[in-house]
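Here's the structure, in structure tokens; my notes come after.
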Amino acid sequence: MIIGKGGETKRMLHEKSGCKSIVIDSESGDVIITWGKPGSFDPLMMMKLPDVIKAIGRGMNPKKAMSLLDDEMLFELIELKSFVGKKANQQRRIRSRIIGSEGKIRKRIEALTNCELTVYGGTIVIIGDDIGLPMASDAIKSLLNGAEHGPVLKKLEVVRKKHRISSKSLESIETKETSLGFEHLVPGLSNIAERRNRKYKNSQPDINNEEDLVELMSLSDDENIDWSEE
């Protein structure tokens, strides 16, 4: 799987990581990675490439595993023996809890956390960002410890919704004291608008002034009150 058809996967790993060479011992399964002189490669790649190889070795699709070379992507490997021991039948049973009928549980966890999951042999591989990976890891470990599917998936939905809301919230709002409205697009209209606003403000009565209130409530010559029904 690491070599790939015609050496395609190995060649891709070599090009994307910037390593000097990748040697695979077909008998022992050992993978030896050689790097060039300091400064000729990204030190972060030296840390991430072994995880990519582990993920591929544990059944992850090579193209999906190579997403680990991105800065924001993280990797976690969970061993089933830590939860159910080394017995094959117990590991088979617990694998089915994570995968679900026709892979529905695994796909649902992937969709809610935006992670990639691979359940293979005695391990589970998770690839995701710093938000999704802890969510997926927590859900899988809960299922491995015997939790029911419903509450675990429901919790994922709630956490995902909270992250969506927090990502849409504004950290700050900047307001400007003066803003240009439509009137500034038409020559002369701005001055008219300012005069109108001054006239409007000056015409506003002072509710604490008795004379202003009397004037406000009094009728003009062309106004009257008609109490008849329409």
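Each chain in the structure tokens gets a letter, A, B and so on, in the order shown; residues start at 1 in every chain, and ligands are counted from 1 in the order they appear.
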
(request) Go through stretch 31-97 of chain A and collect every residue that DSSP, computed from the backbone, puts in helix (DSSP H, G or I); the answer should be as a PyMOL selection string. (result) chain A and resi 43-57+62-69+81-84+88-97

(message) Excluding A:Ile78 and its own-chain neighbours fewer than 5 positions away, which residues fall within 10 Å of it when counting only C-alpha atoms? Please give them as a ChimeraX atom specification.
(response) /A:83,119,122-126,137,140-141

(request) Just the residues within 8 Å of A:Asp129, please, counting only C-alpha atoms, with nothing from its chain fewer than 6 positions along; format it as a VMD selection string. (result) chain A and resid 72 to 74 115

Put those residues in a file: N, CA and C atoms, as a CSV table (one decimal), in the first residue's frame.
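Output file out_23.csv is given in full below:
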chain,number,residue,atom,x,y,z
A,72,GLU,N,-2.8,22.0,9.5
A,72,GLU,CA,-3.8,22.0,10.4
A,72,GLU,C,-4.4,20.6,10.8
A,73,MET,N,-3.9,19.6,10.0
A,73,MET,CA,-4.4,18.2,10.2
A,73,MET,C,-3.6,17.5,11.3
A,74,LEU,N,-4.4,16.7,12.1
A,74,LEU,CA,-3.7,15.9,13.2
A,74,LEU,C,-4.1,14.4,13.0
A,115,CYS,N,-13.9,14.4,10.0
A,115,CYS,CA,-12.7,13.6,10.2
A,115,CYS,C,-12.8,12.4,9.2

(message) Taking 2 positions as the minimum chain separation for residues in the same chain, which residues sit within 9 Å of stretch 46-62 of chain A when counting only C-alpha atoms? Answer as a ChimeraX atom specification.
(response) /A:1-2,4,9,13,17,19,31,33,35,41-44,64-70,74-77,116-121,123-127

(message) With distances taken over only C-alpha atoms, which residue among A:Lys16, A:His163, A:Lys37, A:Arg95 lies nearest A:Lys81?
(response) A:Arg95

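Of the residues listed (A:Arg97, A:Lys162, A:Lys168, A:Lys87), A:Arg97 shows the shortest atom-to-atom separation from A:His149; distances use only C-alpha atoms.
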
(message) As an exercise, work out the distance from atom CA of A:Asp71 to atom CA of A:Met45 in Å and give it to one decimal place.
(response)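 Distance reported for this atom pair: 9.3 Å.
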
(request) Kindly give the distance, in Å, that separates atom CA of A:Gly39 and atom CA of A:Met12, rounded to a single decimal. (result) 20.8 Å

(request) Run DSSP on the backbone and grab whatever in stretch 10-174 of chain A lands in strand (DSSP E); send it over as a list in words. (result) Ser21, Ile22, Val23, Ile24, Val31, Ile32, Ile33, Thr34, Leu74, Phe75, Glu76, Leu77, Ile78, Glu79, Glu116, Leu117, Thr118, Val119, Tyr120, Thr123, Ile124, Val125, Ile126, Ile127 and Gly128 of chain A

Residues from the last selection, C-alpha atoms, saved as a PDB file, in the first residue's frame:
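The resulting file, selection_23.pdb, is reproduced below:
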ATOM      1  CA  SER A  21      14.427   8.791   0.015  1.00  0.00           C
ATOM      2  CA  ILE A  22      11.930   6.204   1.291  1.00  0.00           C
ATOM      3  CA  VAL A  23      13.135   2.606   1.529  1.00  0.00           C
ATOM      4  CA  ILE A  24      10.660  -0.196   2.305  1.00  0.00           C
ATOM      5  CA  VAL A  31      10.147   1.810   6.391  1.00  0.00           C
ATOM      6  CA  ILE A  32      13.334   3.896   6.421  1.00  0.00           C
ATOM      7  CA  ILE A  33      13.052   7.611   5.626  1.00  0.00           C
ATOM      8  CA  THR A  34      16.183   9.593   4.790  1.00  0.00           C
ATOM      9  CA  LEU A  74      -3.746  15.907  13.198  1.00  0.00           C
ATOM     10  CA  PHE A  75      -3.444  12.139  13.662  1.00  0.00           C
ATOM     11  CA  GLU A  76      -4.531   9.709  16.357  1.00  0.00           C
ATOM     12  CA  LEU A  77      -4.266   5.927  16.496  1.00  0.00           C
ATOM     13  CA  ILE A  78      -6.462   4.029  18.972  1.00  0.00           C
ATOM     14  CA  GLU A  79      -5.589   0.430  19.823  1.00  0.00           C
ATOM     15  CA  GLU A 116     -11.501  10.536   8.285  1.00  0.00           C
ATOM     16  CA  LEU A 117     -11.821   7.208  10.136  1.00  0.00           C
ATOM     17  CA  THR A 118     -10.370   3.817   9.311  1.00  0.00           C
ATOM     18  CA  VAL A 119     -11.147   0.730  11.384  1.00  0.00           C
ATOM     19  CA  TYR A 120      -8.629  -1.954  10.489  1.00  0.00           C
ATOM     20  CA  THR A 123      -6.622  -0.235  15.448  1.00  0.00           C
ATOM     21  CA  ILE A 124      -8.711   2.820  14.612  1.00  0.00           C
ATOM     22  CA  VAL A 125      -7.067   5.706  12.756  1.00  0.00           C
ATOM     23  CA  ILE A 126      -8.476   9.241  12.987  1.00  0.00           C
ATOM     24  CA  ILE A 127      -7.390  12.188  10.843  1.00  0.00           C
ATOM     25  CA  GLY A 128      -8.899  15.633  11.450  1.00  0.00           C
TER      26      GLY A 128
END

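Atom to atom, atom CA of A:Ala139 and atom CA of A:Val152 stand 6.0 Å apart.
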